[in-house]
Structure formats: C-alpha cells, structure tokens
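The structure file final_8.tsv is reproduced below (TSV, C-alpha atoms).
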```
chain	number	residue	atom	x	y	z
B	1	MET	CA	126.62	87.73	78.99
B	2	LEU	CA	125.90	84.19	77.87
B	3	VAL	CA	122.50	85.39	76.74
B	4	VAL	CA	124.17	87.22	73.79
B	5	PHE	CA	125.44	83.94	72.33
B	6	ILE	CA	122.21	82.08	73.00
B	7	LEU	CA	120.15	84.75	71.24
B	8	LEU	CA	122.48	84.91	68.21
B	9	ILE	CA	122.51	81.14	67.80
B	10	ALA	CA	118.73	80.93	68.28
B	11	GLY	CA	118.49	83.64	65.60
B	12	PHE	CA	120.60	81.54	63.21
B	13	ALA	CA	118.36	78.54	63.74
B	14	ILE	CA	115.20	80.54	63.11
B	15	GLY	CA	116.84	82.28	60.14
B	16	PHE	CA	117.71	79.00	58.40
B	17	GLY	CA	114.20	77.78	59.12
B	18	ILE	CA	112.39	80.73	57.54
B	19	LYS	CA	114.90	81.28	54.75
B	20	SER	CA	112.58	80.20	51.92
B	21	TYR	CA	109.61	82.29	53.11
B	22	ARG	CA	110.19	85.68	51.49
B	23	LYS	CA	107.27	87.31	53.37
B	24	LEU	CA	108.69	86.34	56.76
B	25	THR	CA	112.20	87.60	55.98
B	26	GLN	CA	110.73	90.96	54.94
B	27	ILE	CA	108.86	91.16	58.25
B	28	VAL	CA	112.12	90.39	60.08
B	29	GLU	CA	113.87	93.25	58.28
B	30	PHE	CA	111.05	95.61	59.19
B	31	LEU	CA	111.16	94.50	62.84
B	32	THR	CA	114.94	95.05	62.92
B	33	THR	CA	114.56	98.65	61.79
B	34	LEU	CA	111.77	99.17	64.32
B	35	SER	CA	113.75	97.72	67.23
B	36	ILE	CA	116.77	99.89	66.38
B	37	TYR	CA	114.55	103.00	66.50
B	38	GLY	CA	113.12	101.81	69.83
B	39	LEU	CA	116.55	101.07	71.30
B	40	LEU	CA	118.01	104.46	70.49
B	41	PHE	CA	114.84	106.17	71.73
B	42	PHE	CA	115.11	104.37	75.09
B	43	LEU	CA	118.83	105.11	75.27
B	44	GLY	CA	118.04	108.79	74.63
B	45	ILE	CA	115.49	108.79	77.44
B	46	SER	CA	117.86	107.24	79.98
B	47	ILE	CA	120.53	109.80	79.04
B	48	GLY	CA	118.10	112.72	79.11
B	49	LYS	CA	116.84	111.92	82.59
B	50	ASN	CA	120.39	111.45	83.92
B	51	GLU	CA	121.68	114.93	84.83
B	52	VAL	CA	125.33	113.92	85.36
B	53	LEU	CA	125.54	112.03	82.09
B	54	PHE	CA	123.82	114.78	80.13
B	55	ASN	CA	126.29	117.37	81.46
B	56	SER	CA	129.33	115.28	80.52
B	57	PHE	CA	128.32	115.13	76.83
B	58	GLY	CA	131.23	117.33	75.78
B	59	THR	CA	133.94	115.22	77.41
B	60	LEU	CA	132.37	111.97	76.20
B	61	GLY	CA	132.13	113.39	72.69
B	62	TRP	CA	135.83	114.25	72.61
B	63	ASN	CA	136.84	110.85	73.97
B	64	ALA	CA	134.62	109.28	71.32
B	65	ILE	CA	136.20	111.22	68.47
B	66	ILE	CA	139.73	110.38	69.64
B	67	LEU	CA	138.91	106.66	70.03
B	68	SER	CA	137.10	106.56	66.70
B	69	PHE	CA	140.00	108.21	64.95
B	70	GLY	CA	142.46	105.74	66.48
B	71	GLY	CA	140.34	102.81	65.35
B	72	ILE	CA	139.89	104.14	61.83
B	73	LEU	CA	143.55	105.02	61.39
B	74	GLY	CA	144.72	101.65	62.71
B	75	SER	CA	142.40	99.74	60.43
B	76	ILE	CA	143.23	101.68	57.25
B	77	ILE	CA	146.97	101.40	57.87
B	78	VAL	CA	146.66	97.62	58.24
B	79	ALA	CA	144.42	97.57	55.13
B	80	LYS	CA	147.04	99.47	53.16
B	81	MET	CA	149.85	97.13	54.22
B	82	ALA	CA	147.67	94.11	53.42
B	83	GLU	CA	146.83	95.39	49.97
B	84	LYS	CA	150.54	95.77	49.31
B	85	PHE	CA	151.62	92.34	50.56
B	86	ILE	CA	148.65	89.94	50.52
B	87	PHE	CA	146.75	91.24	47.53
B	88	ARG	CA	149.76	92.05	45.37
B	89	GLN	CA	149.01	89.44	42.72
B	90	LYS	CA	145.72	91.14	41.74
J	1	MET	CA	122.39	107.90	55.33
J	2	LYS	CA	118.67	108.70	55.48
J	3	ASN	CA	118.22	105.77	57.84
J	4	SER	CA	120.99	107.04	60.10
J	5	LEU	CA	119.29	110.43	60.30
J	6	ILE	CA	116.02	108.81	61.39
J	7	ILE	CA	117.89	106.84	64.07
J	8	VAL	CA	119.61	110.00	65.34
J	9	PHE	CA	116.20	111.69	65.37
J	10	PHE	CA	114.79	108.98	67.66
J	11	PHE	CA	117.84	109.28	69.92
J	12	VAL	CA	117.50	113.07	70.21
J	13	ALA	CA	113.73	112.82	70.70
J	14	GLY	CA	114.42	110.37	73.54
J	15	ILE	CA	116.86	112.77	75.18
J	16	PHE	CA	114.32	115.61	75.06
J	17	TRP	CA	111.58	113.43	76.46
J	18	GLY	CA	113.94	112.28	79.22
J	19	ARG	CA	114.80	115.92	80.02
J	20	THR	CA	111.16	116.85	80.57
J	21	GLY	CA	111.02	114.26	83.34
J	22	ASN	CA	107.43	113.62	82.32
J	23	LEU	CA	107.79	109.87	81.80
J	24	PRO	CA	105.35	106.98	82.18
J	25	SER	CA	106.45	104.48	84.82
J	26	TRP	CA	107.19	101.62	82.38
J	27	VAL	CA	109.97	103.69	80.82
J	28	TYR	CA	111.50	104.31	84.21
J	29	HIS	CA	112.31	100.74	84.99
J	30	ASP	CA	115.03	100.00	82.45
J	31	LYS	CA	113.69	96.58	81.53
J	32	ALA	CA	112.07	97.97	78.34
J	33	GLU	CA	115.48	98.80	76.89
J	34	LEU	CA	116.90	95.41	77.86
J	35	TYR	CA	114.08	93.48	76.20
J	36	ALA	CA	114.37	95.60	73.04
J	37	LEU	CA	118.07	94.71	73.00
J	38	TYR	CA	117.32	90.99	73.28
J	39	VAL	CA	114.87	91.24	70.39
J	40	LEU	CA	117.48	93.01	68.25
J	41	LEU	CA	120.15	90.39	68.98
J	42	LEU	CA	117.75	87.65	67.94
J	43	LEU	CA	116.87	89.58	64.76
J	44	VAL	CA	120.55	90.12	63.88
J	45	GLY	CA	121.03	86.34	63.96
J	46	ILE	CA	117.88	85.69	61.91
J	47	ASN	CA	118.84	88.30	59.30
J	48	ALA	CA	122.31	86.85	58.84
J	49	ALA	CA	121.03	83.31	58.30
J	50	ALA	CA	117.93	84.15	56.26
J	51	ASP	CA	119.51	86.63	53.83
J	52	PRO	CA	119.02	85.17	50.32
J	53	ASN	CA	122.38	86.62	49.26
J	54	THR	CA	124.41	84.72	51.84
J	55	ASP	CA	124.67	81.51	49.79
J	56	LYS	CA	125.73	83.33	46.63
J	57	LEU	CA	128.17	85.34	48.70
J	58	PHE	CA	129.97	82.33	50.12
J	59	SER	CA	130.38	80.71	46.71
J	60	LYS	CA	132.31	83.76	45.51
J	61	LEU	CA	134.58	84.08	48.52
J	62	ASN	CA	138.25	83.23	48.50
J	63	LYS	CA	140.84	82.97	51.26
J	64	GLN	CA	142.19	86.48	50.78
J	65	MET	CA	138.77	88.02	51.17
J	66	MET	CA	138.18	86.09	54.37
J	67	ALA	CA	141.29	87.67	55.88
J	68	VAL	CA	139.97	91.22	55.49
J	69	PRO	CA	137.68	91.27	58.57
J	70	LEU	CA	140.61	90.01	60.66
J	71	LEU	CA	142.76	92.89	59.37
J	72	THR	CA	140.07	95.38	60.37
J	73	ILE	CA	139.82	93.88	63.85
J	74	ILE	CA	143.59	93.91	64.42
J	75	GLY	CA	143.99	97.44	63.06
J	76	THR	CA	141.06	98.81	65.03
J	77	TYR	CA	142.17	97.31	68.34
J	78	ALA	CA	145.77	98.45	67.84
J	79	GLY	CA	144.70	102.00	67.02
J	80	VAL	CA	142.12	102.22	69.80
J	81	ALA	CA	144.53	100.80	72.39
J	82	LEU	CA	147.18	103.32	71.39
J	83	VAL	CA	144.99	106.42	71.64
J	84	ALA	CA	143.32	105.10	74.83
J	85	LEU	CA	146.66	105.64	76.58
J	86	CYS	CA	146.21	109.40	76.02
J	87	ILE	CA	142.73	109.51	77.58
J	88	LYS	CA	142.52	110.01	81.33
J	89	ASN	CA	140.24	107.80	83.42
J	90	LEU	CA	139.45	105.37	80.64
J	91	LYS	CA	139.98	101.66	81.20
J	92	MET	CA	141.58	99.66	78.40
J	93	THR	CA	138.67	97.17	78.40
J	94	ASP	CA	136.22	100.05	77.90
J	95	ALA	CA	138.29	101.46	75.03
J	96	LEU	CA	138.42	98.05	73.32
J	97	ALA	CA	134.67	97.53	73.84
J	98	ILE	CA	133.98	100.92	72.24
J	99	GLY	CA	136.24	99.95	69.32
J	100	SER	CA	134.36	96.65	69.02
J	101	GLY	CA	131.35	98.57	67.74
J	102	PHE	CA	133.08	98.73	64.32
J	103	GLY	CA	130.58	101.42	63.32
J	104	TYR	CA	127.52	99.44	64.45
J	105	TYR	CA	126.50	102.17	66.89
J	106	SER	CA	122.94	101.16	67.75
J	107	LEU	CA	123.77	97.65	68.92
J	108	SER	CA	127.14	98.43	70.52
J	109	SER	CA	125.98	101.47	72.51
J	110	VAL	CA	122.96	99.78	74.05
J	111	LEU	CA	124.79	96.53	74.77
J	112	ILE	CA	127.65	98.39	76.48
J	113	SER	CA	125.12	100.50	78.45
J	114	GLU	CA	123.59	97.28	79.75
J	115	ILE	CA	126.78	95.36	80.50
J	116	ARG	CA	128.96	98.27	81.70
J	117	ASN	CA	127.35	101.70	82.20
J	118	GLU	CA	125.65	104.46	80.24
J	119	GLN	CA	128.70	106.71	80.16
J	120	ILE	CA	130.73	104.18	78.18
J	121	GLY	CA	127.60	103.33	76.17
J	122	VAL	CA	127.19	106.94	75.04
J	123	THR	CA	130.89	107.19	74.18
J	124	ALA	CA	130.45	104.06	72.05
J	125	LEU	CA	127.43	105.64	70.38
J	126	PHE	CA	129.33	108.80	69.41
J	127	ALA	CA	132.53	106.99	68.44
J	128	ASN	CA	130.75	104.55	66.14
J	129	ILE	CA	128.46	107.14	64.55
J	130	PHE	CA	131.62	109.11	63.86
J	131	ARG	CA	133.19	106.07	62.22
J	132	GLU	CA	130.26	105.72	59.83
J	133	ILE	CA	130.08	109.43	59.01
J	134	PHE	CA	133.85	109.62	58.50
J	135	THR	CA	133.73	106.73	56.03
J	136	LEU	CA	130.75	108.23	54.19
J	137	LEU	CA	132.54	111.56	53.82
J	138	PHE	CA	136.10	110.49	53.13
J	139	THR	CA	135.89	107.29	51.06
J	140	PRO	CA	137.31	108.99	47.93
J	141	LEU	CA	140.30	110.27	49.92
J	142	LEU	CA	140.78	106.94	51.71
J	143	VAL	CA	140.98	105.14	48.36
J	144	LYS	CA	143.46	107.66	47.03
J	145	TYR	CA	145.88	107.58	49.98
J	146	PHE	CA	145.31	104.19	51.64
J	147	GLY	CA	144.15	101.94	48.81
J	148	LYS	CA	140.90	100.30	47.75
J	149	LEU	CA	140.52	98.17	50.87
J	150	ALA	CA	140.73	101.18	53.20
J	151	PRO	CA	137.06	102.28	53.06
J	152	VAL	CA	135.97	98.67	53.64
J	153	SER	CA	138.08	98.52	56.81
J	154	SER	CA	137.14	102.01	57.89
J	155	GLY	CA	133.44	101.29	57.32
J	156	GLY	CA	133.65	98.25	59.61
J	157	ALA	CA	130.27	96.62	60.10
J	158	THR	CA	128.63	99.26	57.88
J	159	SER	CA	130.51	98.04	54.79
J	160	MET	CA	127.53	95.76	54.05
J	161	ASP	CA	124.87	98.49	53.98
J	162	THR	CA	125.28	102.24	54.51
J	163	THR	CA	128.80	102.66	53.16
J	164	LEU	CA	128.52	99.96	50.47
J	165	PRO	CA	127.34	102.28	47.65
J	166	LEU	CA	130.40	104.50	48.10
J	167	ILE	CA	132.80	101.57	48.31
J	168	SER	CA	131.28	100.18	45.11
J	169	LYS	CA	131.77	103.52	43.39
J	170	TYR	CA	135.29	104.44	44.53
J	171	SER	CA	136.96	101.06	45.19
J	172	GLY	CA	135.14	99.35	42.32
J	173	LYS	CA	132.43	96.73	41.82
J	174	GLU	CA	134.91	93.91	42.37
J	175	TYR	CA	135.09	95.00	46.02
J	176	VAL	CA	131.36	94.58	46.64
J	177	VAL	CA	131.50	90.89	47.59
J	178	VAL	CA	134.37	91.28	50.04
J	179	SER	CA	132.68	94.39	51.43
J	180	ILE	CA	129.39	92.60	52.14
J	181	PHE	CA	131.14	89.60	53.68
J	182	HIS	CA	133.29	91.90	55.81
J	183	GLY	CA	130.27	93.85	57.08
J	184	LEU	CA	128.21	90.74	57.76
J	185	LEU	CA	130.93	89.04	59.79
J	186	LEU	CA	131.80	92.16	61.77
J	187	SER	CA	128.11	92.85	62.53
J	188	LEU	CA	127.86	89.39	64.08
J	189	LEU	CA	131.13	89.86	65.94
J	190	VAL	CA	130.10	93.18	67.53
J	191	PRO	CA	127.98	91.61	70.33
J	192	VAL	CA	130.32	88.62	70.62
J	193	MET	CA	133.48	90.71	71.08
J	194	ILE	CA	131.82	93.10	73.53
J	195	ALA	CA	130.54	90.21	75.63
J	196	LEU	CA	133.97	88.54	75.51
J	197	ILE	CA	135.87	91.70	76.48
J	198	TYR	CA	133.71	92.19	79.56
J	199	ALA	CA	133.77	88.50	80.43
J	200	PHE	CA	137.46	88.71	81.36
```
Take the structure in this file and express it as structure tokens.
Amino acid sequence: MLVVFILLIAGFAIGFGIKSYRKLTQIVEFLTTLSIYGLLFFLGISIGKNEVLFNSFGTLGWNAIILSFGGILGSIIVAKMAEKFIFRQK
Amino acid sequence: MKNSLIIVFFFVAGIFWGRTGNLPSWVYHDKAELYALYVLLLLVGINAAADPNTDKLFSKLNKQMMAVPLLTIIGTYAGVALVALCIKNLKMTDALAIGSGFGYYSLSSVLISEIRNEQIGVTALFANIFREIFTLLFTPLLVKYFGKLAPVSSGGATSMDTTLPLISKYSGKEYVVVSIFHGLLLSLLVPVMIALIYAF
C-alpha cells in the first residue's frame, strides 16, 4: 500500500503550501469531516448488503471489545510505569 | 462526542440502505469507497501540516513528551497481542492492525476493509469506537488509578480532539500540549502502521 505514503506526503506538501491561507485550511477541515461521513456511510452500505458479515456482528463485536480492552489496558499500564520512572522529576 | 454520534448515524444509515438492497449501481462497485479513502488520507496529511498550532506546539515540546506516543504504541501492541491469543481464528497481524487504529476508527476501519477484508475492518471499527467511548467515560477513574498520562495513552489518536477536553480537566492543563502532540503523531501513524503490518 505504497499509495498510503504517497498520499500522506503529498498532503504534507500541500498543507505547508496553503498554511498561510486561513480560508483554504477551513475548507480542508470541512472536507475532512465530509469525507469521514461519506466513508462510514459507504462502509455501512457494504456491510448491510453482505448477509454473512451482517449476521456475524455479535461475534465481531465481542472480539472488538476484547481487543480494545487489551490495547487500552496495555497502554495505561505502560503509561503508569512511565510516569513513575521517566516523569518522576516533575 | 456530538461528532462521533453523527458519524455513527451515517454508518447505521448506510447499513439500513445496504439491507434494503435498493442501491444505485455506482455504490455497488466498491470504487466509491476507495476514492473517498484516498481523499481522506490526503486531507489528513494537509491538516497536519497546515494546522496553525503545529509550530507553537513544537516549540513547547521536550524529549519526555516525545516519548509518550511510543509508550502508547508499545503498550497497545503488547496488550492486543496478549488478548489475541485468546481469540479463535484471529491472525496476529489482523489483531495488531486493529490495535493500530489507536481510536481513529473511521480511517482504520475503511483502510483495513480495503487492504484486508470487511470482517476485520468492522472489528477495527467497533474496537476503536470502544476505545474512544471508554476514554470519554472513564478518564476520571484512569487518572485516579493509573496516573495523569493514562487517559492520553488510552485516548490514542483521539487525545488531540474528542478526548482532549476531559484530559485537560482531569489530568490538568499542563497535559494539553503533550496530549495534542500525542494525538497528532498517532493519527498520522494509523495509516502508516496498518500499511506496514500488512506489507510483511
């Protein structure tokens, strides 16, 4: 997925270019919100029309909660240890 | 939070429309979703570079603050990898990709749907929405039992926007800079890490 990197870097270049034009950056923010709505709408459609996927919602939901919990717990434990050792002098 | 509700509304509306089966042909060929994803990736890059606060942000950063995103990444991957062992029929790469959403559910779910499949994409959607909601609900408790950095780490990529007000309130204003930096860097790393995980 080389295209991911190319798009991000192209975005950086454009971003630095339009930085001083307040109007343009506001438009970009608006477009971002819009494209997120569009993306999730399309994702919803492709799930809705897929019978097998729609019926496995329960299992996927449980897997998601377990994975999410693991990720959260791991990150807050590391954060707690870091606060104790790295940020002690604060 | 209001924004998240609107996003969930669009997702649910999409599901219902998909269920009716009454779809125009341009929705059926999945290219529409792919192009929307490309536009979003471009916009994420533009936003990061054009944000007027970025310059101010970097002048206030110190080395300790820069380590925080790394801590979140290490902790998340360790936790996700551990619980993934308990889930049947789930590949480790998929588990790590889902964890790589760091709460940025819109981008991660669609990207994973495109690279891998929709099943893992939906799991990423739920897992990362849950991460945001969990942080929104439990920040006061996280601060009490895991310290002031905990909600920043738990919030992941959302620590720069949706969960920032809570972090500012319960961890303190002095955590706002590190929180924004943390969220910004993780947001950019979401697509990068997902692409990298599936590249190997």
Set the distance at 7 Å and use only C-alpha atoms: which residues neighbour Gly79 of chain J once local chain neighbours fewer than 4 positions away are removed? I'd like the list as number ranges by chain.
B: 70-71, 73-74; J: 75, 83
Would you kindly identify which residues have an atom no farther than 12 Å from (133.9, 83.6, 51.5), using all atoms listed in the file and the file's own coordinates, and write them out as a tab-separated table (two decimals) with C-alpha atoms, in the frame of the given file?
```
chain	number	residue	atom	x	y	z
J	54	THR	CA	124.41	84.72	51.84
J	55	ASP	CA	124.67	81.51	49.79
J	56	LYS	CA	125.73	83.33	46.63
J	57	LEU	CA	128.17	85.34	48.70
J	58	PHE	CA	129.97	82.33	50.12
J	59	SER	CA	130.38	80.71	46.71
J	60	LYS	CA	132.31	83.76	45.51
J	61	LEU	CA	134.58	84.08	48.52
J	62	ASN	CA	138.25	83.23	48.50
J	63	LYS	CA	140.84	82.97	51.26
J	64	GLN	CA	142.19	86.48	50.78
J	65	MET	CA	138.77	88.02	51.17
J	66	MET	CA	138.18	86.09	54.37
J	67	ALA	CA	141.29	87.67	55.88
J	68	VAL	CA	139.97	91.22	55.49
J	69	PRO	CA	137.68	91.27	58.57
J	177	VAL	CA	131.50	90.89	47.59
J	178	VAL	CA	134.37	91.28	50.04
J	179	SER	CA	132.68	94.39	51.43
J	180	ILE	CA	129.39	92.60	52.14
J	181	PHE	CA	131.14	89.60	53.68
J	182	HIS	CA	133.29	91.90	55.81
J	184	LEU	CA	128.21	90.74	57.76
J	185	LEU	CA	130.93	89.04	59.79
```
Within 10 Å of Val143 of chain J, counting all atoms listed in the file, which residues show up once you throw out same-chain ones fewer than 3 positions away? Write them as a list in words, please.
Ile76 and Lys80 of chain B; Phe138, Thr139, Pro140, Phe146, Gly147, Lys148, Leu149, Ala150, Pro151, Val152, Ile167, Tyr170 and Ser171 of chain J
Compare J:Val44, J:Ala97, J:Ile6, J:Leu70 by their minimum atom-to-atom distance to Phe5 of chain B, counting only C-alpha atoms, and give me the closest one.
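Comparing J:Val44, J:Ala97, J:Ile6, J:Leu70 against Phe5 of chain B, the winner is J:Val44.
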Exercise answer, chain B residues close to chain J, 6 Å and all atoms listed in the file, as number ranges by chain:
B: 1, 7-8, 11-12, 14-16, 19, 37, 40-42, 44-45, 48-49, 60, 64-65, 67-68, 70-72, 74-76, 78-80
Since we have the selection now, will you write its residues out, keeping C-alpha atoms, as a PDB file, in the frame of the given file?
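Final output, saved to selection32.pdb:
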```pdb
ATOM      1  CA  MET B   1     126.620  87.730  78.990  1.00  0.00           C
ATOM      2  CA  LEU B   7     120.150  84.750  71.240  1.00  0.00           C
ATOM      3  CA  LEU B   8     122.480  84.910  68.210  1.00  0.00           C
ATOM      4  CA  GLY B  11     118.490  83.640  65.600  1.00  0.00           C
ATOM      5  CA  PHE B  12     120.600  81.540  63.210  1.00  0.00           C
ATOM      6  CA  ILE B  14     115.200  80.540  63.110  1.00  0.00           C
ATOM      7  CA  GLY B  15     116.840  82.280  60.140  1.00  0.00           C
ATOM      8  CA  PHE B  16     117.710  79.000  58.400  1.00  0.00           C
ATOM      9  CA  LYS B  19     114.900  81.280  54.750  1.00  0.00           C
ATOM     10  CA  TYR B  37     114.550 103.000  66.500  1.00  0.00           C
ATOM     11  CA  LEU B  40     118.010 104.460  70.490  1.00  0.00           C
ATOM     12  CA  PHE B  41     114.840 106.170  71.730  1.00  0.00           C
ATOM     13  CA  PHE B  42     115.110 104.370  75.090  1.00  0.00           C
ATOM     14  CA  GLY B  44     118.040 108.790  74.630  1.00  0.00           C
ATOM     15  CA  ILE B  45     115.490 108.790  77.440  1.00  0.00           C
ATOM     16  CA  GLY B  48     118.100 112.720  79.110  1.00  0.00           C
ATOM     17  CA  LYS B  49     116.840 111.920  82.590  1.00  0.00           C
ATOM     18  CA  LEU B  60     132.370 111.970  76.200  1.00  0.00           C
ATOM     19  CA  ALA B  64     134.620 109.280  71.320  1.00  0.00           C
ATOM     20  CA  ILE B  65     136.200 111.220  68.470  1.00  0.00           C
ATOM     21  CA  LEU B  67     138.910 106.660  70.030  1.00  0.00           C
ATOM     22  CA  SER B  68     137.100 106.560  66.700  1.00  0.00           C
ATOM     23  CA  GLY B  70     142.460 105.740  66.480  1.00  0.00           C
ATOM     24  CA  GLY B  71     140.340 102.810  65.350  1.00  0.00           C
ATOM     25  CA  ILE B  72     139.890 104.140  61.830  1.00  0.00           C
ATOM     26  CA  GLY B  74     144.720 101.650  62.710  1.00  0.00           C
ATOM     27  CA  SER B  75     142.400  99.740  60.430  1.00  0.00           C
ATOM     28  CA  ILE B  76     143.230 101.680  57.250  1.00  0.00           C
ATOM     29  CA  VAL B  78     146.660  97.620  58.240  1.00  0.00           C
ATOM     30  CA  ALA B  79     144.420  97.570  55.130  1.00  0.00           C
ATOM     31  CA  LYS B  80     147.040  99.470  53.160  1.00  0.00           C
TER      32      LYS B  80
END
```
Can you work out the spacing between atom CA of Tyr104 of chain J and atom CA of Ile133 of chain J in Å, to one decimal?
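Computing the Euclidean distance for atom CA of Tyr104 of chain J and atom CA of Ile133 of chain J yields 11.7 Å.
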Distance atom CA of Ser108 of chain J-atom CA of Arg22 of chain B, one decimal place?
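Computed distance, atom CA of Ser108 of chain J to atom CA of Arg22 of chain B, equals 28.5 Å.
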Could you tell me which of B:Glu83, B:Ile47, B:Ile77, B:Thr33 comes closest to Asn117 of chain J if we count only C-alpha atoms?
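Counting only C-alpha atoms, the residue closest to Asn117 of chain J is B:Ile47.
Going from atom CA of Val4 of chain B over to atom CA of Val190 of chain J, you cover 10.5 Å.
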